[in-house]
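**Student:** Take a look at coords-v1.cif, mmCIF, C-alpha atoms:
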```cif
data_work
#
loop_
_atom_site.label_atom_id
_atom_site.label_comp_id
_atom_site.auth_asym_id
_atom_site.auth_seq_id
_atom_site.Cartn_x
_atom_site.Cartn_y
_atom_site.Cartn_z
CA MET W 12 0.00 0.00 0.00
CA SER W 13 1.22 3.51 -0.82
CA LEU W 14 1.44 5.51 2.32
CA VAL W 15 2.41 8.69 0.53
CA ASN W 16 2.23 9.28 -3.20
CA PHE W 17 3.95 12.47 -4.32
CA THR W 18 2.86 12.09 -7.91
CA ALA W 19 -0.83 11.91 -7.09
CA ARG W 20 -0.39 14.10 -3.98
CA GLU W 21 -2.16 11.52 -1.86
CA ILE W 22 -1.65 10.11 1.60
CA THR W 23 -3.42 6.86 2.40
CA CYS W 24 -3.17 5.12 5.75
CA LYS W 25 -4.54 1.68 6.46
CA ILE W 26 -5.22 1.03 10.13
CA VAL W 27 -6.40 -2.37 11.31
CA TYR W 28 -8.20 -3.03 14.59
CA TYR W 29 -7.07 -6.44 15.77
CA GLY W 30 -8.05 -8.49 18.82
CA PRO W 31 -10.00 -11.48 20.08
CA GLY W 32 -13.66 -12.06 19.27
CA ARG W 33 -16.11 -9.75 21.04
CA SER W 34 -13.40 -7.43 22.33
CA GLY W 35 -15.05 -4.37 20.77
CA LYS W 36 -13.29 -3.77 17.46
CA THR W 37 -16.47 -3.20 15.50
CA THR W 38 -17.83 -1.02 18.31
CA ASN W 39 -14.76 1.23 17.93
CA LEU W 40 -15.46 1.71 14.24
CA GLN W 41 -19.16 2.25 14.82
CA TYR W 42 -18.40 4.99 17.33
CA VAL W 43 -15.99 6.72 14.93
CA TYR W 44 -18.56 6.40 12.14
CA GLY W 45 -21.15 8.08 14.32
CA ARG W 46 -18.89 11.06 15.07
CA VAL W 47 -17.59 11.74 11.57
CA PRO W 48 -19.53 14.20 9.41
CA GLU W 49 -21.27 12.52 6.50
CA SER W 50 -19.22 14.45 3.99
CA ARG W 51 -16.01 12.92 5.32
CA ARG W 52 -16.94 9.29 5.64
CA GLY W 53 -17.66 6.57 3.16
CA ARG W 54 -20.14 3.81 3.69
CA MET W 55 -19.17 1.57 6.56
CA VAL W 56 -19.12 -1.97 5.29
CA SER W 57 -19.80 -4.69 7.82
CA LEU W 58 -20.20 -8.32 6.98
CA ALA W 59 -21.65 -10.15 9.96
CA THR W 60 -22.99 -13.61 10.63
CA GLN W 61 -26.53 -14.41 11.68
CA THR W 62 -25.37 -14.23 15.27
CA ASP W 63 -24.08 -10.71 14.58
CA ARG W 64 -20.39 -11.52 14.84
CA THR W 65 -18.05 -10.04 12.25
CA LEU W 66 -17.64 -12.67 9.57
CA PHE W 67 -15.15 -11.07 7.23
CA PHE W 68 -14.27 -7.55 8.27
CA ASP W 69 -15.53 -4.02 8.79
CA PHE W 70 -14.27 -1.25 6.56
CA LEU W 71 -14.64 2.46 7.23
CA PRO W 72 -13.05 4.89 4.78
CA LEU W 73 -12.40 8.41 6.11
CA ASP W 74 -11.69 11.32 3.79
CA LEU W 75 -9.81 13.92 5.79
CA GLY W 76 -9.73 16.35 2.89
CA THR W 77 -6.70 18.09 1.44
CA ILE W 78 -4.00 18.67 4.02
CA SER W 79 -0.83 20.50 3.01
CA GLY W 80 -1.69 19.82 -0.62
CA PHE W 81 -2.24 16.11 -0.11
CA ALA W 82 -5.59 14.38 -0.41
CA THR W 83 -5.60 12.41 2.83
CA ARG W 84 -7.54 9.21 3.37
CA PHE W 85 -7.65 6.86 6.31
CA GLN W 86 -8.96 3.35 5.91
CA LEU W 87 -10.06 1.68 9.12
CA TYR W 88 -10.53 -2.09 9.12
CA THR W 89 -11.39 -4.69 11.72
CA VAL W 90 -10.58 -8.37 11.56
CA PRO W 91 -12.90 -11.17 12.63
CA GLY W 92 -11.70 -12.18 16.08
CA GLN W 93 -12.85 -15.76 16.08
CA VAL W 94 -10.00 -18.23 15.74
CA TYR W 95 -11.70 -19.92 12.78
CA TYR W 96 -11.21 -16.91 10.47
CA ALA W 97 -7.41 -16.93 10.36
CA ALA W 98 -7.26 -16.59 6.56
CA THR W 99 -9.44 -13.49 6.60
CA ARG W 100 -7.25 -11.86 9.23
CA LYS W 101 -4.17 -12.42 7.10
CA LEU W 102 -5.94 -10.93 4.11
CA VAL W 103 -7.02 -7.81 5.98
CA LEU W 104 -3.50 -7.27 7.33
CA GLN W 105 -2.03 -6.98 3.84
CA GLY W 106 -0.58 -3.51 3.36
CA VAL W 107 -1.35 -2.43 6.91
CA ASP W 108 0.31 0.77 8.14
CA GLY W 109 -0.70 0.58 11.78
CA VAL W 110 -2.49 -1.73 14.21
CA VAL W 111 -4.78 -1.09 17.15
CA PHE W 112 -4.90 -4.14 19.39
CA VAL W 113 -8.26 -4.12 21.14
CA ALA W 114 -7.92 -6.26 24.25
CA ASP W 115 -10.91 -7.42 26.27
CA SER W 116 -10.32 -6.31 29.87
CA GLN W 117 -12.39 -9.14 31.33
CA SER W 118 -10.18 -11.38 33.47
CA ARG W 119 -11.65 -14.53 31.92
CA GLN W 120 -10.62 -13.31 28.45
CA LEU W 121 -6.91 -13.03 29.21
CA ALA W 122 -5.97 -16.24 27.40
CA GLU W 123 -7.91 -15.11 24.32
CA ASN W 124 -6.05 -11.79 24.36
CA ILE W 125 -2.70 -13.53 24.48
CA GLU W 126 -3.66 -15.95 21.73
CA SER W 127 -4.85 -13.12 19.51
CA LEU W 128 -1.67 -11.11 20.11
CA GLN W 129 0.44 -14.12 19.17
CA ASP W 130 -1.72 -14.58 16.08
CA LEU W 131 -1.13 -10.92 15.17
CA HIS W 132 2.62 -11.31 15.46
CA ALA W 133 2.61 -14.47 13.35
CA ASN W 134 0.47 -12.89 10.65
CA LEU W 135 2.57 -9.72 10.54
CA ALA W 136 5.70 -11.81 10.17
CA ASP W 137 4.04 -13.76 7.35
CA GLU W 138 3.38 -10.42 5.64
CA GLY W 139 7.04 -9.52 5.95
CA LEU W 140 6.31 -6.89 8.60
CA ASP W 141 8.33 -6.64 11.78
CA PRO W 142 5.96 -6.99 14.77
CA ARG W 143 8.54 -5.15 16.88
CA THR W 144 8.51 -1.98 14.79
CA ILE W 145 5.14 -1.65 13.09
CA PRO W 146 3.06 1.19 14.61
CA LEU W 147 0.97 -0.38 17.35
CA VAL W 148 -1.35 0.90 20.05
CA MET W 149 -2.99 -1.15 22.78
CA GLN W 150 -6.57 -0.46 23.82
CA TYR W 151 -7.90 -2.07 26.99
CA ASN W 152 -11.61 -2.10 26.32
CA LYS W 153 -14.65 -2.70 28.52
CA ARG W 154 -13.30 -0.68 31.46
CA ASP W 155 -16.93 0.14 32.24
CA LEU W 156 -17.59 -3.41 33.49
CA PRO W 157 -17.62 -4.12 37.24
CA THR W 158 -14.14 -4.01 38.77
CA ALA W 159 -14.42 -7.61 39.95
CA GLU W 160 -14.77 -8.82 36.35
CA ILE W 161 -11.87 -6.97 34.76
CA SER W 162 -8.10 -7.14 35.05
CA MET W 163 -6.19 -4.13 36.28
CA VAL W 164 -4.59 -2.05 33.55
CA GLU W 165 -1.16 -2.63 35.11
CA SER W 166 -1.71 -6.37 34.89
CA LEU W 167 -2.77 -6.15 31.22
CA GLU W 168 0.23 -3.97 30.50
CA GLU W 169 2.57 -6.50 32.03
CA THR W 170 1.03 -9.40 30.14
CA LEU W 171 0.32 -7.88 26.74
CA ASN W 172 2.33 -4.72 26.21
CA PHE W 173 5.90 -5.93 26.26
CA ARG W 174 6.78 -3.45 23.53
CA GLY W 175 5.74 -0.59 25.77
CA VAL W 176 3.59 1.02 23.09
CA PRO W 177 0.96 3.65 23.94
CA HIS W 178 -2.06 2.17 25.71
CA PHE W 179 -5.56 3.45 26.38
CA PRO W 180 -8.25 2.25 28.76
CA ALA W 181 -11.55 2.41 26.91
CA ALA W 182 -15.24 1.77 26.98
CA ALA W 183 -15.90 1.78 23.26
CA ILE W 184 -19.62 1.35 23.68
CA SER W 185 -19.80 4.84 25.20
CA GLY W 186 -16.91 6.20 23.16
CA LYS W 187 -14.46 6.54 26.01
CA GLY W 188 -10.92 6.18 24.69
CA VAL W 189 -11.98 5.59 21.08
CA PHE W 190 -10.68 8.80 19.51
CA GLU W 191 -7.69 8.91 21.84
CA THR W 192 -6.70 5.52 20.46
CA LEU W 193 -7.29 6.55 16.85
CA ARG W 194 -5.34 9.77 17.34
CA SER W 195 -2.40 7.88 18.83
CA ILE W 196 -2.14 5.26 16.09
CA SER W 197 -2.56 7.95 13.42
CA THR W 198 0.32 9.94 14.88
CA LEU W 199 2.54 6.86 14.97
CA VAL W 200 1.68 5.97 11.38
CA LEU W 201 2.20 9.50 10.10
CA ALA W 202 5.52 9.75 11.92
CA ARG W 203 6.77 7.07 9.57
CA LEU W 204 6.08 9.23 6.53
CA SER W 205 9.61 10.53 6.89
CA ALA W 206 11.09 7.12 7.51
CA PRO W 207 13.21 5.47 4.81
CA ALA W 208 10.52 2.83 4.30
CA VAL W 209 8.23 5.35 2.57
CA LYS W 210 6.74 3.75 -0.51
CA GLY W 211 5.12 5.07 -3.65
CA SER W 212 6.97 8.37 -3.86
CA MET F 24 -3.28 24.51 3.73
CA ALA F 25 -2.92 22.80 7.07
CA LYS F 26 -4.44 25.90 8.61
CA ASP F 27 -7.41 25.58 6.24
CA ALA F 28 -7.93 22.02 7.40
CA GLU F 29 -7.64 23.09 11.03
CA LYS F 30 -10.17 25.87 10.45
CA GLN F 31 -12.53 23.42 8.79
CA ALA F 32 -12.06 21.03 11.69
CA GLU F 33 -12.96 23.72 14.18
CA GLU F 34 -16.14 24.44 12.26
CA GLU F 35 -17.14 20.78 12.31
CA GLY F 36 -16.66 20.55 16.08
CA GLY F 37 -16.52 17.54 18.41
CA GLU F 38 -14.10 14.67 18.81
CA PHE F 39 -13.56 14.26 15.11
CA ALA F 40 -12.56 17.90 14.80
CA ASP F 41 -9.92 17.53 17.49
CA PHE F 42 -8.66 14.41 15.77
CA LEU F 43 -8.55 16.13 12.39
CA ALA F 44 -6.72 19.13 13.80
CA ASP F 45 -4.02 16.91 15.35
CA VAL F 46 -3.64 14.84 12.20
CA SER F 47 -3.42 17.97 10.06
CA LYS F 48 -0.59 19.35 12.17
CA GLU F 49 1.28 16.07 11.98
CA ILE F 50 0.86 15.80 8.21
CA ALA F 51 1.90 19.41 7.67
CA GLN F 52 5.15 18.78 9.54
CA ARG F 53 5.89 15.53 7.76
CA VAL F 54 5.01 16.75 4.30
CA GLU F 55 7.24 19.78 4.71
CA SER F 56 10.26 17.61 5.45
CA LEU F 57 9.38 15.10 2.74
CA ASP F 58 8.80 17.81 0.14
CA LYS F 59 12.31 19.09 0.75
CA ARG F 60 13.67 15.62 0.13
CA ALA F 61 11.47 14.91 -2.87
CA THR F 62 11.98 18.23 -4.67
CA PRO F 63 15.42 18.53 -6.26
CA SER F 64 17.38 21.63 -5.32
CA ALA F 65 17.04 24.49 -7.84
CA THR F 66 20.61 25.64 -7.35
CA PRO F 67 23.33 23.63 -9.07
CA PRO F 68 25.85 21.85 -6.87
CA THR F 69 28.91 23.94 -6.18
CA THR F 70 31.29 21.03 -5.80
CA GLU F 71 33.88 20.46 -8.48
CA LYS F 72 32.76 17.97 -11.11
CA ARG F 73 34.78 14.89 -11.67
CA LYS F 74 35.16 13.46 -15.14
CA ALA F 75 34.45 9.90 -14.18
CA PRO F 76 32.09 8.35 -11.64
CA ILE F 77 33.58 6.88 -8.52
CA ALA F 78 32.65 3.34 -7.69
CA ALA F 79 32.27 2.92 -3.96
CA ASP F 80 32.23 -0.79 -3.68
CA ALA F 81 31.39 -3.76 -5.86
CA GLY F 82 30.35 -1.63 -8.80
CA VAL F 83 27.97 0.62 -6.90
CA ILE F 84 28.11 4.07 -8.46
CA VAL F 85 27.86 6.74 -5.82
CA GLU F 86 27.92 9.88 -7.98
CA TRP F 87 24.96 9.60 -10.28
CA PRO F 88 24.86 13.31 -11.20
CA ASN F 89 28.28 12.98 -12.79
CA VAL F 90 27.19 9.92 -14.73
CA ALA F 91 24.22 11.86 -16.08
CA ASP F 92 26.46 14.79 -17.05
CA ARG F 93 28.78 12.51 -18.98
CA MET F 94 25.89 10.82 -20.78
CA ILE F 95 24.53 14.20 -21.87
CA GLU F 96 27.95 15.35 -23.06
CA GLU F 97 28.46 12.19 -25.07
CA MET F 98 25.04 12.49 -26.68
CA ARG F 99 25.97 15.96 -27.89
#
```
Since I need it in another form, could you write the structure as structure tokens?
**Tutor:**
Amino acid sequence: MSLVNFTAREITCKIVYYGPGRSGKTTNLQYVYGRVPESRRGRMVSLATQTDRTLFFDFLPLDLGTISGFATRFQLYTVPGQVYYAATRKLVLQGVDGVVFVADSQSRQLAENIESLQDLHANLADEGLDPRTIPLVMQYNKRDLPTAEISMVESLEETLNFRGVPHFPAAAISGKGVFETLRSISTLVLARLSAPAVKGS
Amino acid sequence: MAKDAEKQAEEEGGEFADFLADVSKEIAQRVESLDKRATPSATPPTTEKRKAPIAADAGVIVEWPNVADRMIEEMR
């Protein structure tokens, strides 16, 4: 994917929301969709099963307009969290510029978080991307649940965030932490515009 | 142009506007530095031209401007 194209004067960023099933990836995108003016958003595409779980992926294109002479577009994707859809996750990760890992804060979901993070690393490596350097942000979702049901942020940090990337507690259903997360991953992705790995110029 | 985007963001209001304003600032900074790299300098290099390119190592030519100059001269 071309991150920056000087010929066409375009900047395109692909951000993927990754994480275990039911962690709140689609909810993140739905909240963003609801806050973006109609003129700046494309149609949000969601392909769900009969039980309302994401079957393939969600896709939300954002047109940020012309910034510094560049037509700027963000493409937000989610992956299906269920283990069964491994092939789809690999497909969605192709050409990714940045990843938001949406972890489920519920204590009983810790193993699923770890498994999903390992899956992310394996799939990034398969795509030829270095899991240690790709822009990544952790979001600890569902902080609005009763304290007894969720892990402490410090505990999640210790278990999941060994890279020490930015992290955000969130309650995506009410929007808490959603734009903070998006802003953080966007900044990390854009910071790489000046990196030697810039493509498409 | 970044200021235009920021102004537009302010008019739109809300969380998205804040996001857009931050992203616009970031892009403006990055594009400025990238534009400098992408746009060739208008002033000619002041260093003395060599007649032949210098190979750095294993046939890698490190002075492409001189190669281009020689090609143009030979075509004349």
**Student:** Once the PyMOL selection byres ((chain W and resi 86) around 10) is applied to the coordinates I shared, what remains selected? I want it as JSON, numbers by chain.
**Tutor:** {"W": [23, 24, 25, 26, 27, 52, 53, 70, 71, 72, 73, 74, 84, 85, 87, 88, 107, 108]}
**Student:** Any chance you can output those residues with C-alpha atoms as a PDB file, in the frame of the given file?
**Tutor:**
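Ended up saving to part-v8.pdb:
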```pdb
ATOM      1  CA  THR W  23      -3.420   6.860   2.400  1.00  0.00           C
ATOM      2  CA  CYS W  24      -3.170   5.120   5.750  1.00  0.00           C
ATOM      3  CA  LYS W  25      -4.540   1.680   6.460  1.00  0.00           C
ATOM      4  CA  ILE W  26      -5.220   1.030  10.130  1.00  0.00           C
ATOM      5  CA  VAL W  27      -6.400  -2.370  11.310  1.00  0.00           C
ATOM      6  CA  ARG W  52     -16.940   9.290   5.640  1.00  0.00           C
ATOM      7  CA  GLY W  53     -17.660   6.570   3.160  1.00  0.00           C
ATOM      8  CA  PHE W  70     -14.270  -1.250   6.560  1.00  0.00           C
ATOM      9  CA  LEU W  71     -14.640   2.460   7.230  1.00  0.00           C
ATOM     10  CA  PRO W  72     -13.050   4.890   4.780  1.00  0.00           C
ATOM     11  CA  LEU W  73     -12.400   8.410   6.110  1.00  0.00           C
ATOM     12  CA  ASP W  74     -11.690  11.320   3.790  1.00  0.00           C
ATOM     13  CA  ARG W  84      -7.540   9.210   3.370  1.00  0.00           C
ATOM     14  CA  PHE W  85      -7.650   6.860   6.310  1.00  0.00           C
ATOM     15  CA  LEU W  87     -10.060   1.680   9.120  1.00  0.00           C
ATOM     16  CA  TYR W  88     -10.530  -2.090   9.120  1.00  0.00           C
ATOM     17  CA  VAL W 107      -1.350  -2.430   6.910  1.00  0.00           C
ATOM     18  CA  ASP W 108       0.310   0.770   8.140  1.00  0.00           C
TER      19      ASP W 108
END
```
**Student:** Need the shell around Leu199 in chain W: protein/DNA/RNA residues with any atom at most 8 Å away, counting only C-alpha atoms. Skip same-chain ones fewer than 3 positions apart. Format as a list in words?
**Tutor:**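 In the requested form, the answer reads Gly109, Pro146, Leu147, Ser195, Ile196, Ala202 and Arg203 of chain W.
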**Student:** Quick check on the file I pasted: which residues fall under the PyMOL selection byres ((chain W and resi 165) around 12)? Write them as a ChimeraX atom specification.
**Tutor:** /W:116,151,161-164,166-173,175,178-180
**Student:** For CA of Thr89 in chain W and CA of Ala19 in chain W, quote the distance in Å rounded to one decimal.
**Tutor:**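 CA of Thr89 in chain W sits 27.2 Å away from CA of Ala19 in chain W.
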**Student:** Given the PyMOL selection byres ((chain W) within 12 of (chain F)) and the file above, list the residues it selects as a VMD selection string.
**Tutor:** chain W and resid 14 to 18 20 to 24 42 to 52 73 to 85 186 to 207 209 211 to 212
**Student:** One decimal, Å: what's the distance from CA of Pro142 in chain W over to CA of Asp130 in chain W, could you say?
**Tutor:** 10.9 Å
**Student:** Quick one, how far is CA of Ile125 in chain W from CA of Val56 in chain W?
**Tutor:**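 Taking CA of Ile125 in chain W and CA of Val56 in chain W, their separation equals 27.8 Å.
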**Student:** Please identify all polymer residues within 6 Å of Ala114 in chain W, counting all atoms listed in the file, omitting same-chain residues fewer than 5 positions from it, and present them as a ChimeraX atom specification.
**Tutor:** /W:30,34,124,150-152
